[in-house]
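Step one of this worksheet: look at the structure below.
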Amino acid sequence: MPLLEVEGVSKAFGSLKAVDDVSLAVEAGEIFGIAGPNGSGKSTLFNVITGIPFGPDRGRIRFDGTDIQARSGNGIARLGLARTFQRETSFDGLTVFENALIGAGYGKPGRRAAEARSRAVEALEFVGLSSPAFGRLAGELSVFDRKCLMLATAIATEPRMLLLDEPASSLTKPEIETSIGLIRRTAERGITVVLIEHVLTFLMSLSQHLLVLNQGRVLAAGEPKSVIADPRVVEAYLGTRRSAA
């Protein structure tokens, strides 16, 4: 049984169908990539899967066999499904350590304080934020370090699956390479990863399976090399003339 199953999920805003009858299945332990041009519905799909800030209009979502489409965002997170966001999201007025500590407590309500602190420290060190950074305000960090903090806060919840929304955006080439290694190590921890990017080369370096969205619908899905060779995918990214060339 797949760890995550999405069946016929749709979300509309007025007449705009942001997600239109999307289905996918993610197996435990894999890195699953989702691509698509800007505005194709990728982030909205993450929103409806995680219930943050809204669920689907219709369709079914199962996580480890449990229906979650009607659950709250915090209820879904406590089942072991966490996410990051396209923009660097943190509590800027709190320290790096305090941000990670919130994740540790949010993921496991009732956890003892000492255990939560230990979990927060481990998550921060895992992403490369060492103890000298723990006391810095999150709002003072660089873009890359804020992305690392967002990942650490999510990992501190002890997720079984982690949804990453464009982790490479606004990063330099060396930072992107570091990010690729960090995502691989995250998967090696036993965390299943679903990854959004519109940069296909980033997804190709990580994903075992790839799904491409366009205008809210599934355009292609399958083995990454086959998907990016699909003429419909080429046209969606490059346009008809470039596709013909």
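Residues are referred to by chain and number: the chain letter is A, B, ... according to the order shown in the structure tokens, the number counts from 1 in that chain, and ligands are numbered separately from 1 in the order shown.
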
Pick out each residue of range 3-230 of chain A that DSSP on the backbone tags as alpha helix (DSSP H); I need them as JSON, numbers by chain.
{"A": [42, 43, 44, 45, 46, 47, 48, 49, 50, 73, 74, 75, 76, 77, 96, 97, 98, 99, 100, 101, 102, 103, 104, 105, 106, 107, 113, 114, 115, 116, 117, 118, 119, 120, 121, 122, 123, 124, 125, 126, 143, 144, 145, 146, 147, 148, 149, 150, 151, 152, 153, 154, 155, 173, 174, 175, 176, 177, 178, 179, 180, 181, 182, 183, 184, 185, 186, 187, 188, 200, 201, 202, 203, 204, 224, 225, 226, 227, 228, 229]}

Pick out the residues sitting within 8 Å of Pro37 in chain A, and hand them over as a ChimeraX atom specification; count only C-alpha atoms, and ignore anything fewer than 6 positions along from it in its own chain.
/A:198,213-214,236-237

What's around range 91-99 of chain A at 8 Å? Count only C-alpha atoms, leave out sequence neighbours fewer than 6 positions away in its own chain, and write the answer as a list in words.
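Neighbouring residues, sequence-local ones excluded: Ala120, Val121, Leu124, Ala133, Phe134, Gly135, Arg136, Leu137, Ala138, Gly139, Glu140, Leu149 and Thr153 of chain A.
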
Which polymer residues have any atom within 9 Å of an atom of Val143 in chain A, counting only C-alpha atoms, with same-chain residues fewer than 5 positions away left out, as an MDAnalysis selection string?
chainID A and resid 88 148 170:171

Which of these residues is nearest to Asp230 in chain A, using only C-alpha atoms: A:Val48, A:Leu24, A:Ile34, A:Leu211?
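Looking only at the distances to Asp230 in chain A, the closest residue turns out to be A:Leu211.
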
Residue contacts of Gln215 in chain A (10 Å, only C-alpha atoms) excluding same-chain residues fewer than 4 positions away, as a ChimeraX atom specification
/A:16-20,36-42,219,236

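Excluding Thr50 in chain A itself and same-chain residues fewer than 3 positions from it, the residues having an atom within 8 Å of it are Phe46, Asn47, Gly55, Gly73, Ile76, Ala77, Leu81, Ala82 and Arg83 of chain A, counting only C-alpha atoms.
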
Export of prior selection with N, CA, C and O atoms as a compact mmCIF listing (two decimals), in the first residue's frame:
```txt
# COMPACT_ATOMS: atom_id res chain seq x y z
N PHE A 46 -0.02 20.81 -2.62
CA PHE A 46 0.53 20.62 -1.28
C PHE A 46 -0.43 21.15 -0.22
O PHE A 46 -0.61 20.55 0.84
N ASN A 47 -1.04 22.31 -0.50
CA ASN A 47 -1.97 22.89 0.46
C ASN A 47 -3.12 21.93 0.77
O ASN A 47 -3.46 21.71 1.94
N GLY A 55 -8.33 22.43 2.65
CA GLY A 55 -8.41 21.09 2.09
C GLY A 55 -8.99 21.12 0.68
O GLY A 55 -9.26 22.18 0.13
N GLY A 73 -5.08 20.79 9.65
CA GLY A 73 -3.66 20.76 9.36
C GLY A 73 -2.83 20.20 10.48
O GLY A 73 -1.91 19.40 10.24
N ILE A 76 -3.27 16.39 10.66
CA ILE A 76 -2.50 15.72 9.62
C ILE A 76 -1.02 15.67 9.99
O ILE A 76 -0.35 14.65 9.84
N ALA A 77 -0.49 16.79 10.49
CA ALA A 77 0.92 16.83 10.87
C ALA A 77 1.23 15.82 11.95
O ALA A 77 2.29 15.18 11.93
N LEU A 81 2.86 13.72 8.68
CA LEU A 81 2.98 14.35 7.36
C LEU A 81 3.27 15.83 7.56
O LEU A 81 2.41 16.60 7.99
N ALA A 82 4.50 16.24 7.27
CA ALA A 82 4.94 17.62 7.48
C ALA A 82 5.30 18.26 6.15
O ALA A 82 5.46 17.58 5.13
N ARG A 83 5.44 19.59 6.16
CA ARG A 83 5.76 20.29 4.92
C ARG A 83 6.62 21.52 5.19
O ARG A 83 6.70 22.01 6.31
```

List as a ChimeraX atom specification the protein and nucleic acid residues near Glu175 in chain A, meaning an atom at most 12 Å away when only C-alpha atoms are counted, but skip any in the same chain fewer than 4 places from it.
/A:142-145,147-148,167-171,179-182

Please produce an output containing N, CA and C atoms for each residue in the selection, written as a PDB file, in the first residue's frame.
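Saved to selection.pdb:
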```
ATOM      1  N   SER A 142      20.534  34.197   6.546  1.00  0.00           N
ATOM      2  CA  SER A 142      20.524  34.274   5.086  1.00  0.00           C
ATOM      3  C   SER A 142      19.371  33.433   4.535  1.00  0.00           C
ATOM      4  N   VAL A 143      19.069  33.615   3.249  1.00  0.00           N
ATOM      5  CA  VAL A 143      17.992  32.830   2.621  1.00  0.00           C
ATOM      6  C   VAL A 143      18.264  31.342   2.754  1.00  0.00           C
ATOM      7  N   PHE A 144      19.491  30.919   2.479  1.00  0.00           N
ATOM      8  CA  PHE A 144      19.818  29.497   2.558  1.00  0.00           C
ATOM      9  C   PHE A 144      19.665  28.969   3.979  1.00  0.00           C
ATOM     10  N   ASP A 145      20.176  29.705   4.953  1.00  0.00           N
ATOM     11  CA  ASP A 145      20.068  29.239   6.333  1.00  0.00           C
ATOM     12  C   ASP A 145      18.618  29.230   6.816  1.00  0.00           C
ATOM     13  N   LYS A 147      16.082  28.525   4.893  1.00  0.00           N
ATOM     14  CA  LYS A 147      15.538  27.298   4.320  1.00  0.00           C
ATOM     15  C   LYS A 147      15.969  26.088   5.145  1.00  0.00           C
ATOM     16  N   CYS A 148      17.211  26.094   5.587  1.00  0.00           N
ATOM     17  CA  CYS A 148      17.688  25.000   6.439  1.00  0.00           C
ATOM     18  C   CYS A 148      16.927  24.971   7.755  1.00  0.00           C
ATOM     19  N   PRO A 167      12.537  23.959  -2.627  1.00  0.00           N
ATOM     20  CA  PRO A 167      13.651  24.225  -1.716  1.00  0.00           C
ATOM     21  C   PRO A 167      14.850  24.887  -2.388  1.00  0.00           C
ATOM     22  N   ALA A 168      14.938  24.836  -3.715  1.00  0.00           N
ATOM     23  CA  ALA A 168      16.094  25.409  -4.406  1.00  0.00           C
ATOM     24  C   ALA A 168      15.882  26.842  -4.861  1.00  0.00           C
ATOM     25  N   SER A 169      14.689  27.390  -4.684  1.00  0.00           N
ATOM     26  CA  SER A 169      14.423  28.737  -5.189  1.00  0.00           C
ATOM     27  C   SER A 169      15.288  29.763  -4.470  1.00  0.00           C
ATOM     28  N   SER A 170      15.827  30.717  -5.249  1.00  0.00           N
ATOM     29  CA  SER A 170      16.635  31.837  -4.752  1.00  0.00           C
ATOM     30  C   SER A 170      17.997  31.419  -4.214  1.00  0.00           C
ATOM     31  N   LEU A 171      18.430  30.199  -4.496  1.00  0.00           N
ATOM     32  CA  LEU A 171      19.723  29.739  -4.006  1.00  0.00           C
ATOM     33  C   LEU A 171      20.790  29.841  -5.082  1.00  0.00           C
ATOM     34  N   SER A 179      21.925  21.644  -0.963  1.00  0.00           N
ATOM     35  CA  SER A 179      20.521  21.295  -0.721  1.00  0.00           C
ATOM     36  C   SER A 179      20.198  19.903  -1.255  1.00  0.00           C
ATOM     37  N   ILE A 180      20.732  19.559  -2.412  1.00  0.00           N
ATOM     38  CA  ILE A 180      20.516  18.223  -2.982  1.00  0.00           C
ATOM     39  C   ILE A 180      21.050  17.152  -2.027  1.00  0.00           C
ATOM     40  N   GLY A 181      22.249  17.372  -1.517  1.00  0.00           N
ATOM     41  CA  GLY A 181      22.821  16.418  -0.571  1.00  0.00           C
ATOM     42  C   GLY A 181      22.003  16.307   0.703  1.00  0.00           C
ATOM     43  N   LEU A 182      21.474  17.416   1.171  1.00  0.00           N
ATOM     44  CA  LEU A 182      20.682  17.426   2.396  1.00  0.00           C
ATOM     45  C   LEU A 182      19.367  16.669   2.201  1.00  0.00           C
TER      46      LEU A 182
END
```

So which bits of range 20-229 of chain A end up strand (DSSP E) when you DSSP the backbone, as a PyMOL selection string?
chain A and resi 20-26+31-35+58-63+66-67+81-83+161-165+192-196+209-214+217-222

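CA of Leu203 in chain A lies 17.2 Å from CA of Leu45 in chain A.
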
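Shortest atom-to-atom contact with Glu30 in chain A among A:Gly51, A:Gly190, A:Pro224, A:Gly103: A:Gly190, counting only C-alpha atoms.
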